[in-house]
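Data from upload.cif: mmCIF, C-alpha atoms and all ligand atoms
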```
data_data
#
loop_
_atom_site.label_atom_id
_atom_site.label_comp_id
_atom_site.auth_asym_id
_atom_site.auth_seq_id
_atom_site.Cartn_x
_atom_site.Cartn_y
_atom_site.Cartn_z
CA MET L 1 -13.98 -3.77 28.54
CA LYS L 2 -16.46 -5.44 26.17
CA ASN L 3 -17.70 -8.93 26.87
CA ILE L 4 -16.30 -11.39 24.35
CA ALA L 5 -19.02 -13.30 22.55
CA ASP L 6 -18.95 -16.44 20.48
CA LEU L 7 -18.56 -15.77 16.77
CA SER L 8 -21.89 -17.49 16.05
CA GLU L 9 -23.65 -14.57 17.74
CA ILE L 10 -22.44 -11.91 15.30
CA ASP L 11 -25.08 -10.02 13.30
CA ALA L 12 -23.69 -9.97 9.77
CA SER L 13 -26.81 -8.96 7.86
CA ASN L 14 -25.62 -5.53 6.72
CA VAL L 15 -21.85 -6.04 6.45
CA LYS L 16 -20.48 -4.52 3.23
CA CYS L 17 -16.73 -4.75 3.88
CA VAL L 18 -14.26 -6.78 5.93
CA PHE L 19 -11.18 -5.01 7.24
CA PHE L 20 -8.43 -7.34 8.36
CA ASP L 21 -4.94 -7.35 9.76
CA ILE L 22 -2.44 -9.57 7.91
CA ASP L 23 0.25 -11.05 10.20
CA ASP L 24 -1.07 -13.87 12.37
CA THR L 25 -4.61 -12.88 11.42
CA ILE L 26 -4.77 -14.29 7.90
CA THR L 27 -1.42 -16.07 8.24
CA THR L 28 -0.37 -19.14 10.22
CA SER L 29 3.34 -19.43 10.99
CA GLY L 30 4.03 -16.76 8.39
CA LYS L 31 2.04 -18.24 5.48
CA ILE L 32 -1.43 -17.52 4.11
CA LEU L 33 -3.11 -20.91 4.15
CA PRO L 34 -5.39 -21.75 1.19
CA GLU L 35 -8.50 -21.44 3.38
CA ALA L 36 -7.72 -17.79 4.16
CA TYR L 37 -6.84 -16.79 0.62
CA GLN L 38 -9.94 -18.58 -0.64
CA ALA L 39 -11.94 -16.62 1.93
CA LEU L 40 -10.83 -13.38 0.26
CA TRP L 41 -12.09 -14.65 -3.09
CA LYS L 42 -15.35 -15.77 -1.49
CA LEU L 43 -15.90 -12.25 -0.16
CA LYS L 44 -15.30 -10.83 -3.62
CA GLU L 45 -17.63 -13.34 -5.27
CA ASN L 46 -20.33 -12.39 -2.76
CA GLY L 47 -19.97 -8.67 -3.38
CA ILE L 48 -18.36 -7.90 -0.03
CA LYS L 49 -15.30 -5.69 -0.13
CA SER L 50 -12.11 -6.61 1.71
CA ILE L 51 -9.33 -4.29 2.83
CA PRO L 52 -6.15 -5.26 4.71
CA ILE L 53 -5.21 -2.89 7.55
CA THR L 54 -1.60 -3.73 8.29
CA GLY L 55 1.66 -2.58 9.82
CA ARG L 56 3.52 -3.92 6.78
CA PRO L 57 5.51 -1.55 4.56
CA ALA L 58 4.61 0.48 1.50
CA GLY L 59 6.59 -1.85 -0.76
CA TRP L 60 4.50 -4.82 0.30
CA CYS L 61 1.26 -2.82 0.12
CA ASP L 62 1.99 -1.83 -3.49
CA HIS L 63 2.19 -5.51 -4.39
CA ILE L 64 -0.81 -6.56 -2.31
CA VAL L 65 -3.26 -4.02 -3.66
CA ARG L 66 -2.27 -4.83 -7.24
CA MET L 67 -2.31 -8.64 -7.00
CA TRP L 68 -4.54 -9.82 -4.17
CA PRO L 69 -8.36 -9.86 -4.47
CA VAL L 70 -8.71 -6.79 -2.21
CA ASP L 71 -10.20 -3.34 -2.74
CA ALA L 72 -7.62 -1.11 -1.01
CA ILE L 73 -4.98 -1.36 1.72
CA VAL L 74 -3.98 0.67 4.77
CA GLY L 75 -0.27 0.23 5.52
CA GLU L 76 2.43 1.06 8.04
CA ASN L 77 -0.15 1.22 10.83
CA GLY L 78 -2.10 4.01 9.17
CA ALA L 79 0.54 6.17 7.48
CA PHE L 80 -1.21 5.76 4.11
CA TYR L 81 -3.74 3.92 2.04
CA PHE L 82 -3.37 2.65 -1.53
CA ARG L 83 -6.10 1.64 -3.95
CA ILE L 84 -6.70 1.24 -7.65
CA ASP L 85 -9.69 3.21 -8.87
CA GLU L 86 -12.29 2.26 -11.47
CA ASN L 87 -10.13 3.81 -14.22
CA SER L 88 -7.10 1.70 -13.16
CA ASN L 89 -5.34 4.70 -11.62
CA PHE L 90 -3.10 3.82 -8.67
CA ILE L 91 -4.18 6.09 -5.79
CA LYS L 92 -1.76 6.75 -2.90
CA ARG L 93 -2.96 8.88 0.01
CA TYR L 94 -0.65 9.74 2.89
CA PHE L 95 -1.19 11.17 6.35
CA PHE L 96 1.74 13.58 5.84
CA ASP L 97 3.36 15.15 2.80
CA GLU L 98 6.76 13.87 1.70
CA LYS L 99 8.69 16.68 3.40
CA ILE L 100 7.37 15.78 6.85
CA PHE L 101 7.93 12.07 6.31
CA LYS L 102 11.57 12.85 5.43
CA GLU L 103 12.01 14.98 8.56
CA ASN L 104 10.48 12.21 10.65
CA ARG L 105 12.76 9.65 9.02
CA LEU L 106 15.80 11.52 10.32
CA LYS L 107 14.35 11.52 13.84
CA LEU L 108 13.53 7.79 13.59
CA ASN L 109 17.10 7.03 12.53
CA LYS L 110 18.26 8.36 15.91
CA VAL L 111 15.66 6.23 17.73
CA SER L 112 16.78 3.22 15.74
CA ASP L 113 20.44 3.73 16.65
CA GLU L 114 19.54 3.94 20.33
CA ILE L 115 17.32 0.84 20.32
CA LEU L 116 19.87 -1.29 18.51
CA ALA L 117 22.62 -0.13 20.88
CA LYS L 118 20.66 -0.61 24.10
CA VAL L 119 18.41 -3.63 23.48
CA SER L 120 20.43 -6.73 22.71
CA GLY L 121 19.15 -9.44 20.40
CA THR L 122 16.93 -7.17 18.39
CA ALA L 123 17.34 -5.97 14.80
CA LEU L 124 15.79 -3.72 12.20
CA ALA L 125 12.87 -5.57 10.64
CA SER L 126 13.85 -7.25 7.38
CA ASP L 127 11.18 -5.23 5.57
CA GLN L 128 12.46 -1.86 6.87
CA ASN L 129 13.94 -0.92 3.46
CA TYR L 130 10.46 -0.93 1.94
CA ARG L 131 8.97 1.39 4.59
CA GLU L 132 8.14 5.05 4.00
CA ALA L 133 6.94 6.29 7.37
CA ASP L 134 7.72 4.08 10.31
CA LEU L 135 10.50 2.22 12.02
CA ALA L 136 9.99 -1.49 12.57
CA ILE L 137 12.07 -3.34 15.13
CA ASP L 138 12.07 -7.12 14.83
CA PHE L 139 11.58 -8.98 18.08
CA CYS L 140 10.72 -12.45 16.80
CA GLU L 141 10.28 -12.62 13.02
CA ASP L 142 13.89 -13.16 11.88
CA VAL L 143 15.51 -13.02 15.32
CA ASP L 144 14.94 -15.34 18.26
CA HIS L 145 12.22 -13.95 20.53
CA ILE L 146 13.91 -11.37 22.74
CA GLY L 147 11.38 -11.65 25.59
CA TRP L 148 8.58 -9.31 26.60
CA ASP L 149 10.71 -7.28 29.04
CA LYS L 150 12.93 -6.23 26.16
CA VAL L 151 9.89 -5.45 24.01
CA ASP L 152 8.83 -3.09 26.80
CA ASP L 153 12.35 -1.55 26.76
CA ILE L 154 11.98 -0.86 23.02
CA CYS L 155 8.62 0.81 23.62
CA ASP L 156 10.12 2.96 26.38
CA ILE L 157 12.83 4.27 24.02
CA PHE L 158 10.26 5.13 21.34
CA LYS L 159 8.17 6.97 23.94
CA GLU L 160 11.17 8.85 25.38
CA HIS L 161 11.65 10.30 21.88
CA GLY L 162 7.99 11.30 21.67
CA ALA L 163 7.14 8.65 19.10
CA ILE L 164 3.97 6.57 18.89
CA CYS L 165 4.69 2.91 19.46
CA LYS L 166 2.61 -0.20 18.72
CA VAL L 167 3.44 -3.87 19.23
CA SER L 168 2.37 -6.41 16.63
CA SER L 169 2.94 -10.15 16.88
CA ILE L 170 6.42 -9.82 15.29
CA HIS L 171 7.57 -6.17 15.31
CA VAL L 172 7.54 -3.07 17.45
CA ASN L 173 6.53 -0.24 15.12
CA GLY L 174 7.15 3.40 15.96
CA TRP L 175 6.42 6.65 14.18
CA PHE L 176 5.96 10.37 14.61
CA GLY L 177 2.45 11.63 13.92
CA ASP L 178 -0.99 11.38 15.40
CA TYR L 179 -2.30 8.52 13.28
CA ASN L 180 -3.04 4.82 13.67
CA LYS L 181 -4.83 2.05 11.84
CA LEU L 182 -8.23 3.47 12.76
CA SER L 183 -7.70 7.09 11.73
CA MET L 184 -6.50 6.11 8.24
CA THR L 185 -9.34 3.60 7.90
CA LYS L 186 -11.82 6.42 8.61
CA PHE L 187 -10.13 8.59 5.99
CA LEU L 188 -10.26 5.73 3.45
CA VAL L 189 -13.93 4.97 4.12
CA ASN L 190 -14.76 8.62 3.58
CA GLU L 191 -12.98 8.73 0.22
CA LEU L 192 -13.96 5.26 -1.03
CA PHE L 193 -17.50 4.83 0.31
CA TYR L 194 -18.41 8.50 0.98
CA GLU L 195 -19.34 7.56 4.53
CA ASP L 196 -18.51 8.91 7.97
CA LEU L 197 -17.35 5.73 9.66
CA ASN L 198 -18.35 7.16 13.03
CA ASN L 199 -21.96 6.79 11.90
CA THR L 200 -21.72 3.57 9.88
CA GLU L 201 -19.21 1.36 11.69
CA SER L 202 -21.80 -1.42 12.13
CA ASN L 203 -21.63 -2.03 8.35
CA TYR L 204 -18.07 -3.25 8.73
CA ILE L 205 -16.18 -6.13 10.34
CA PHE L 206 -12.61 -5.93 11.53
CA CYS L 207 -10.41 -9.00 12.12
CA GLY L 208 -7.14 -8.83 14.04
CA ASP L 209 -4.83 -10.54 16.47
CA SER L 210 -2.57 -8.25 18.49
CA PRO L 211 -2.04 -4.94 20.34
CA ASN L 212 -1.53 -2.83 17.21
CA ASP L 213 -5.13 -3.75 16.36
CA GLU L 214 -6.48 -2.31 19.60
CA PRO L 215 -7.79 0.98 18.15
CA MET L 216 -9.86 -1.13 15.73
CA PHE L 217 -11.04 -3.58 18.40
CA GLU L 218 -12.16 -0.66 20.52
CA PHE L 219 -14.00 1.14 17.71
CA PHE L 220 -15.78 -1.60 15.77
CA SER L 221 -18.74 -3.27 17.45
CA LYS L 222 -18.20 -6.19 15.04
CA SER L 223 -14.53 -6.64 15.81
CA CYS L 224 -13.31 -10.21 15.58
CA GLY L 225 -10.16 -11.81 16.90
CA VAL L 226 -8.54 -14.97 15.67
CA LYS L 227 -7.98 -17.34 18.58
CA ASN L 228 -4.31 -16.40 19.05
CA VAL L 229 -5.35 -12.92 20.20
CA ILE L 230 -5.79 -14.54 23.62
CA GLU L 231 -1.98 -14.69 23.94
CA PHE L 232 -2.00 -10.89 24.20
CA LYS L 233 -4.97 -10.49 26.48
CA ASP L 234 -2.92 -9.24 29.43
CA LYS L 235 -1.16 -6.68 27.23
CA MET L 236 -4.32 -5.12 25.82
CA ASP L 237 -6.96 -2.74 27.14
CA HIS L 238 -9.34 -3.46 24.26
CA LEU L 239 -10.15 -6.97 23.12
CA PRO L 240 -12.33 -7.92 20.14
CA SER L 241 -16.09 -8.41 20.53
CA TYR L 242 -15.98 -11.92 19.05
CA ILE L 243 -13.30 -14.59 18.97
CA ALA L 244 -12.89 -17.42 16.45
CA ASP L 245 -12.28 -21.02 17.50
CA HIS L 246 -9.15 -21.26 15.37
CA GLU L 247 -5.87 -19.41 15.09
CA GLY L 248 -4.54 -17.38 12.15
CA SER L 249 -5.62 -18.41 8.66
CA LEU L 250 -8.21 -20.92 9.81
CA GLY L 251 -9.68 -18.45 12.28
CA PHE L 252 -10.01 -15.83 9.54
CA ALA L 253 -11.62 -18.35 7.22
CA GLN L 254 -14.07 -19.24 9.99
CA ILE L 255 -15.00 -15.58 10.45
CA VAL L 256 -15.61 -15.11 6.71
CA ASN L 257 -17.58 -18.36 6.41
CA THR L 258 -19.74 -17.37 9.39
CA LEU L 259 -20.39 -13.99 7.82
CA LEU L 260 -21.37 -15.49 4.47
CA LYS L 261 -23.54 -18.18 6.04
CA LYS L 262 -25.45 -15.60 8.06
CA ARG L 263 -26.07 -13.46 5.00
CA SER L 264 -27.38 -16.33 2.84
MG MG H 301 -1.14 -9.10 13.38
#
```
Can the structure from this file be put into structure tokens for me?
Amino acid sequence: MKNIADLSEIDASNVKCVFFDIDDTITTSGKILPEAYQALWKLKENGIKSIPITGRPAGWCDHIVRMWPVDAIVGENGAFYFRIDENSNFIKRYFFDEKIFKENRLKLNKVSDEILAKVSGTALASDQNYREADLAIDFCEDVDHIGWDKVDDICDIFKEHGAICKVSSIHVNGWFGDYNKLSMTKFLVNELFYEDLNNTESNYIFCGDSPNDEPMFEFFSKSCGVKNVIEFKDKMDHLPSYIADHEGSLGFAQIVNTLLKKRS
């Protein structure tokens, strides 16, 4: 495991883009505080791109990429990316074609039925209707926290069905297909920046907070956690390289301000 360093030690001289998770990374108690939203505008004003990498659904991602000051978005833990190109065309790129997503949806419906029957207190995530590829089970967003043992039970059911399963700070997300946040981010970087991210990862920062960010924490040398990532430290094999002093929105704002200060 990497040693965790203080954020002040990060080398930000060549950073061209900030990737960031949304829930509990740029939010605090479910809201984007002004400091975090302002940080996105600051990045834009300083010519640094910003791209959310989230488990949130396609319906939300459509809104976000149109209305927030961001350059693209990876959604549903890597099932797709959306962006608007220089000619104002809305670009949607998926890991699978529609036929496979539909086949997988039928399989996920069976998983969903089993989880809801066997794990009490849980529910389909409220944003499930806006999802295209994955199944999101709510364990503490709109239900009372069901406890970590039951979160593990949910993961076990996903795995018994051969699905991939990732735990965020609010949902357990599961899907069929060999993709995650990192694989779709590599695909996006190739199409948007014409780069092989395996060779250029040091030009990017990633900010996250929870186990579904682990592939990104492991890959990016400049991976940053907001302070609340510590809550998950015993549930993760890969922690970020740097940790902010603050949680959620204020932690994200601190990361962006540190980056901008070091570049000036
Ligand atoms: Mg999160």
- Message: As a quick test: using all atoms listed in the file, which residues lie no more than 6 Å away from ligand MG 301 (chain H)? Give them as a PyMOL selection string.
- Response: chain L and resi 21-25+168-169+209-210
List every protein, DNA or RNA residue that has at least one atom no more than 10 Å from (-7.7, -20.3, 13.2) in the file's coordinates, counting only C-alpha atoms, and write the result as a CSV table (one decimal) with C-alpha atoms, in the coordinates of the input.
```
chain,number,residue,atom,x,y,z
L,24,ASP,CA,-1.1,-13.9,12.4
L,25,THR,CA,-4.6,-12.9,11.4
L,26,ILE,CA,-4.8,-14.3,7.9
L,27,THR,CA,-1.4,-16.1,8.2
L,28,THR,CA,-0.4,-19.1,10.2
L,35,GLU,CA,-8.5,-21.4,3.4
L,36,ALA,CA,-7.7,-17.8,4.2
L,225,GLY,CA,-10.2,-11.8,16.9
L,226,VAL,CA,-8.5,-15.0,15.7
L,227,LYS,CA,-8.0,-17.3,18.6
L,228,ASN,CA,-4.3,-16.4,19.0
L,243,ILE,CA,-13.3,-14.6,19.0
L,244,ALA,CA,-12.9,-17.4,16.4
L,245,ASP,CA,-12.3,-21.0,17.5
L,246,HIS,CA,-9.2,-21.3,15.4
L,247,GLU,CA,-5.9,-19.4,15.1
L,248,GLY,CA,-4.5,-17.4,12.2
L,249,SER,CA,-5.6,-18.4,8.7
L,250,LEU,CA,-8.2,-20.9,9.8
L,251,GLY,CA,-9.7,-18.4,12.3
L,252,PHE,CA,-10.0,-15.8,9.5
L,253,ALA,CA,-11.6,-18.4,7.2
L,254,GLN,CA,-14.1,-19.2,10.0
L,255,ILE,CA,-15.0,-15.6,10.4
```
Give me the stretch 152-210 of chain L side of the contact with stretch 67-87 of chain L, cut-off 12 Å, one line per residue showing its nearest atom pair and distance in Å at one decimal, counting only C-alpha atoms, sorted by chain and residue number, as a Markdown table.
```
| residue | atom | partner | partner_atom | distance |
| --- | --- | --- | --- | --- |
| L:Ile164 | CA | L:Asn77 | CA | 10.5 |
| L:Cys165 | CA | L:Asn77 | CA | 10.0 |
| L:Lys166 | CA | L:Asn77 | CA | 8.5 |
| L:Val167 | CA | L:Asn77 | CA | 10.5 |
| L:Ser168 | CA | L:Asn77 | CA | 9.9 |
| L:His171 | CA | L:Glu76 | CA | 11.5 |
| L:Val172 | CA | L:Asn77 | CA | 11.0 |
| L:Asn173 | CA | L:Asn77 | CA | 8.1 |
| L:Gly174 | CA | L:Asn77 | CA | 9.2 |
| L:Trp175 | CA | L:Ala79 | CA | 8.9 |
| L:Phe176 | CA | L:Ala79 | CA | 9.9 |
| L:Gly177 | CA | L:Ala79 | CA | 8.7 |
| L:Asp178 | CA | L:Ala79 | CA | 9.6 |
| L:Tyr179 | CA | L:Gly78 | CA | 6.1 |
| L:Asn180 | CA | L:Gly78 | CA | 4.7 |
| L:Lys181 | CA | L:Gly78 | CA | 4.3 |
| L:Leu182 | CA | L:Gly78 | CA | 7.1 |
| L:Ser183 | CA | L:Gly78 | CA | 6.9 |
| L:Met184 | CA | L:Gly78 | CA | 5.0 |
| L:Thr185 | CA | L:Val74 | CA | 6.9 |
| L:Lys186 | CA | L:Gly78 | CA | 10.0 |
| L:Phe187 | CA | L:Tyr81 | CA | 8.8 |
| L:Leu188 | CA | L:Tyr81 | CA | 6.9 |
| L:Val189 | CA | L:Ala72 | CA | 10.2 |
| L:Glu191 | CA | L:Tyr81 | CA | 10.6 |
| L:Leu192 | CA | L:Ala72 | CA | 9.0 |
| L:Phe193 | CA | L:Asp71 | CA | 11.4 |
```
Please produce a file of those selected residues containing C-alpha atoms, as an mmCIF file, in the coordinates of the input.
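Produced file selection_3.cif, reproduced below:
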```cif
data_model
loop_
_atom_site.group_PDB
_atom_site.id
_atom_site.type_symbol
_atom_site.label_atom_id
_atom_site.label_comp_id
_atom_site.auth_asym_id
_atom_site.auth_seq_id
_atom_site.Cartn_x
_atom_site.Cartn_y
_atom_site.Cartn_z
ATOM 1 C CA ILE L 164 3.970 6.570 18.890
ATOM 2 C CA CYS L 165 4.690 2.910 19.460
ATOM 3 C CA LYS L 166 2.610 -0.200 18.720
ATOM 4 C CA VAL L 167 3.440 -3.870 19.230
ATOM 5 C CA SER L 168 2.370 -6.410 16.630
ATOM 6 C CA HIS L 171 7.570 -6.170 15.310
ATOM 7 C CA VAL L 172 7.540 -3.070 17.450
ATOM 8 C CA ASN L 173 6.530 -0.240 15.120
ATOM 9 C CA GLY L 174 7.150 3.400 15.960
ATOM 10 C CA TRP L 175 6.420 6.650 14.180
ATOM 11 C CA PHE L 176 5.960 10.370 14.610
ATOM 12 C CA GLY L 177 2.450 11.630 13.920
ATOM 13 C CA ASP L 178 -0.990 11.380 15.400
ATOM 14 C CA TYR L 179 -2.300 8.520 13.280
ATOM 15 C CA ASN L 180 -3.040 4.820 13.670
ATOM 16 C CA LYS L 181 -4.830 2.050 11.840
ATOM 17 C CA LEU L 182 -8.230 3.470 12.760
ATOM 18 C CA SER L 183 -7.700 7.090 11.730
ATOM 19 C CA MET L 184 -6.500 6.110 8.240
ATOM 20 C CA THR L 185 -9.340 3.600 7.900
ATOM 21 C CA LYS L 186 -11.820 6.420 8.610
ATOM 22 C CA PHE L 187 -10.130 8.590 5.990
ATOM 23 C CA LEU L 188 -10.260 5.730 3.450
ATOM 24 C CA VAL L 189 -13.930 4.970 4.120
ATOM 25 C CA GLU L 191 -12.980 8.730 0.220
ATOM 26 C CA LEU L 192 -13.960 5.260 -1.030
ATOM 27 C CA PHE L 193 -17.500 4.830 0.310
#
```
- Message: Under the rule that all atoms listed in the file are counted, which of L:Trp148, L:Ala136, L:Arg131, L:Ile48 is the nearest residue to L:Ala12?
- Response: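 The shortest atom-to-atom distance to L:Ala12 comes from L:Ile48.
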- Message: One number please: atom CA of L:Ile137 to atom CA of L:Pro240, in Å, one decimal.
- Response: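 Between these atoms lies a distance of 25.3 Å.
Residue nearest L:Pro52 within the list L:Val256, L:Leu116, L:Ile32, L:Ile64: L:Ile64 [criterion: smallest interatomic distance, only C-alpha atoms].
Taking atom CA of L:Ala163 as the reference point, atom CA of L:Asp196 is found at 28.0 Å.
Of note, atom CA of L:Glu103 and atom CA of L:Leu124 are spaced 19.4 Å apart.
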- Could you name the residues that touch L:Ser202 at 8 Å or less, counting only C-alpha atoms, but leaving out those on the same chain fewer than 6 positions away, as a ChimeraX atom specification? /L:14-15,220-222
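Each of L:Val18, L:Ile10, L:Cys61, L:Ile4 was compared to L:Tyr204 using all atoms listed in the file, and L:Val18 turns out to be the nearest.
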- Message: My list of candidates is L:Glu9, L:Asp134, L:Glu114, L:Asp144. Which is closest to L:Ile157 when distances are computed with all atoms listed in the file?
- Response: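 Distance minimum relative to L:Ile157 lands on L:Glu114.
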